[in-house]
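Q: My questions will all concern the structure given below.
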Amino acid sequence: MNSKFAQQFKKGALEMVLLEIISRGETYGYEIISQLNGQGGRVFAPARDGTIYPLLYRLESNGLISSRSVFSVASGNAKKYYSLTEQGEKALGEMKAYWQEYIKSVNSFVAESGE
Amino acid sequence: MDRTKYLKEVKRRLKLPAEMKSEILRSLEESLDCADESGEEFSRTVERIGKPADFARDIMQSVELTADEKRRTKRARAFLFAFLIFSVAAVCATLSFAVPIIYMKSRGAIGYADAPTQIAVASAAGINAEAAVCAFLWIAAAAAFILRLIAKRKRAR
């Protein structure tokens, strides 16, 4: 689904999903995108690089994730490994709690009766 | 399209503050390296991440620049443009003086001798017609160059 409201839903949730993926262990951009493609179902896959990089940049500049550069012998360039900061852990916790509230509240309106 | 051309095309299309632009381009290079290391053909990578115009559009849609970032981007571009115009003008001015002098010297014209001469020039020199034509041509060339650049940028949008 590519309608505008679906994109808006995705955008908000994607930030939380990225933080969750990074919280599982130090990782880099390509691996994050691969995980989204592997686990993201029809909602987050196919994940486009052009969508993910700006979000990672924002998360880092807002202090929610930090990075360290590791030189790659194979490519001759550096690879950036991201991990969650303390601030990021706190934000992720708050986001997840809010998300549960959110789906509960939305479902109370839109979930089919009898569920 | 090869990797170098892809990166160049993306770079040209990203209207972002300098530090954000360089980080996005770095991420792109890293991703291309990873794709290459995993054995993915470059043409397949382009299919996956999109052509340069599509990739840049994804970035611009996802990034949502703040008002301050938009202002900084515009200012940087204006500086670059002003610098370009100034450089072209400086080259034009230098050449419009240098070319006629070299030309006149090569013809051994009065006033352009290498050593002092005994020749007295009765009237004050007015505008050097050849120098003026030369300067005009250079300024016209610079103007054409700038107009072409503007048209090219508009087409790229």
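Going through the structure tokens in order, the chains are called A, B, and so on, while each chain numbers its residues from 1 and the ligands are numbered from 1 in the order shown.
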For the structure I just gave you, how does DSSP split chain A - specifically, which residues are helix (DSSP H, G or I)? Reply as a PyMOL selection string.

A: chain A and resi 4-23+29-39+41-44+49-61+86-110

Q: Can you pull out the residues contacting Ala45 of chain A? Cut-off 10 Å, using only C-alpha atoms, and skip same-chain residues under 3 positions away; I want them as a ChimeraX atom specification.

A: /A:33-42,48

Q: Kindly export the residues of the current selection with N, CA, C and O atoms, as an mmCIF file, in the first residue's frame.

A:
data_model
loop_
_atom_site.group_PDB
_atom_site.id
_atom_site.type_symbol
_atom_site.label_atom_id
_atom_site.label_comp_id
_atom_site.auth_asym_id
_atom_site.auth_seq_id
_atom_site.Cartn_x
_atom_site.Cartn_y
_atom_site.Cartn_z
ATOM 1 N N ILE A 33 18.989 -2.274 6.690
ATOM 2 C CA ILE A 33 18.074 -2.344 5.548
ATOM 3 C C ILE A 33 17.748 -3.805 5.208
ATOM 4 O O ILE A 33 16.608 -4.154 4.925
ATOM 5 N N SER A 34 18.760 -4.676 5.304
ATOM 6 C CA SER A 34 18.530 -6.103 5.053
ATOM 7 C C SER A 34 17.538 -6.670 6.062
ATOM 8 O O SER A 34 16.663 -7.467 5.720
ATOM 9 N N GLN A 35 17.678 -6.261 7.331
ATOM 10 C CA GLN A 35 16.755 -6.749 8.370
ATOM 11 C C GLN A 35 15.336 -6.276 8.103
ATOM 12 O O GLN A 35 14.375 -7.031 8.280
ATOM 13 N N LEU A 36 15.217 -5.013 7.697
ATOM 14 C CA LEU A 36 13.887 -4.474 7.381
ATOM 15 C C LEU A 36 13.266 -5.253 6.225
ATOM 16 O O LEU A 36 12.081 -5.578 6.244
ATOM 17 N N ASN A 37 14.091 -5.579 5.243
ATOM 18 C CA ASN A 37 13.586 -6.318 4.091
ATOM 19 C C ASN A 37 13.221 -7.754 4.469
ATOM 20 O O ASN A 37 12.274 -8.322 3.934
ATOM 21 N N GLY A 38 13.997 -8.315 5.408
ATOM 22 C CA GLY A 38 13.752 -9.699 5.812
ATOM 23 C C GLY A 38 12.535 -9.844 6.716
ATOM 24 O O GLY A 38 11.773 -10.798 6.622
ATOM 25 N N GLN A 39 12.359 -8.865 7.599
ATOM 26 C CA GLN A 39 11.339 -9.006 8.647
ATOM 27 C C GLN A 39 10.189 -8.012 8.466
ATOM 28 O O GLN A 39 9.180 -8.115 9.169
ATOM 29 N N GLY A 40 10.376 -7.071 7.552
ATOM 30 C CA GLY A 40 9.429 -5.951 7.469
ATOM 31 C C GLY A 40 8.090 -6.218 6.816
ATOM 32 O O GLY A 40 7.199 -5.383 6.844
ATOM 33 N N GLY A 41 7.942 -7.426 6.242
ATOM 34 C CA GLY A 41 6.673 -7.766 5.600
ATOM 35 C C GLY A 41 6.284 -6.744 4.546
ATOM 36 O O GLY A 41 7.138 -6.105 3.941
ATOM 37 N N ARG A 42 4.991 -6.579 4.353
ATOM 38 C CA ARG A 42 4.551 -5.650 3.322
ATOM 39 C C ARG A 42 4.601 -4.200 3.792
ATOM 40 O O ARG A 42 4.435 -3.276 3.017
ATOM 41 N N ARG A 48 13.825 1.284 1.260
ATOM 42 C CA ARG A 48 14.695 1.992 0.310
ATOM 43 C C ARG A 48 15.781 2.747 1.064
ATOM 44 O O ARG A 48 15.500 3.424 2.060
#

Q: Do me a favour and pick out the residues of chain A within 12 Å of chain B, using only C-alpha atoms, as a ChimeraX atom specification.

A: /A:7-8,10-12,14-15,28-34,37,45-61,69-81

Q: Name the residues in contact with segment 84-97 of chain A at a cut-off of 7 Å, using only C-alpha atoms, excluding same-chain residues fewer than 3 positions from it; report them as a compact mmCIF listing (two decimals) with C-alpha atoms, in the first residue's frame.

A:
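Final file, around-v3.txt:
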# COMPACT_ATOMS: atom_id res chain seq x y z
CA MET A 16 10.97 3.32 16.46
CA LEU A 19 15.90 2.15 17.22
CA ILE A 22 19.90 -1.00 16.69
CA SER A 23 19.06 -1.82 20.34
CA GLY A 63 21.73 11.93 20.19
CA LEU A 64 19.54 8.79 20.20
CA ILE A 65 22.18 6.67 18.49
CA SER A 66 25.96 6.97 18.32
CA GLN A 100 0.93 0.04 22.88
CA GLU A 101 -1.37 2.79 24.10

Q: For Glu130 of chain B, which residue out of B:Ser96, B:Ser43, B:Thr66, B:Ser38 is the nearest one, using only C-alpha atoms?

A: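 Of all the options, B:Ser96 lies closest to Glu130 of chain B.
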
Q: So, counting only C-alpha atoms, which residue among B:Ala109, B:Ser22, B:Leu95, B:Ile150 is closest to Val133 of chain B?

A: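 Once distances to Val133 of chain B are computed over only C-alpha atoms, the minimum belongs to B:Leu95.
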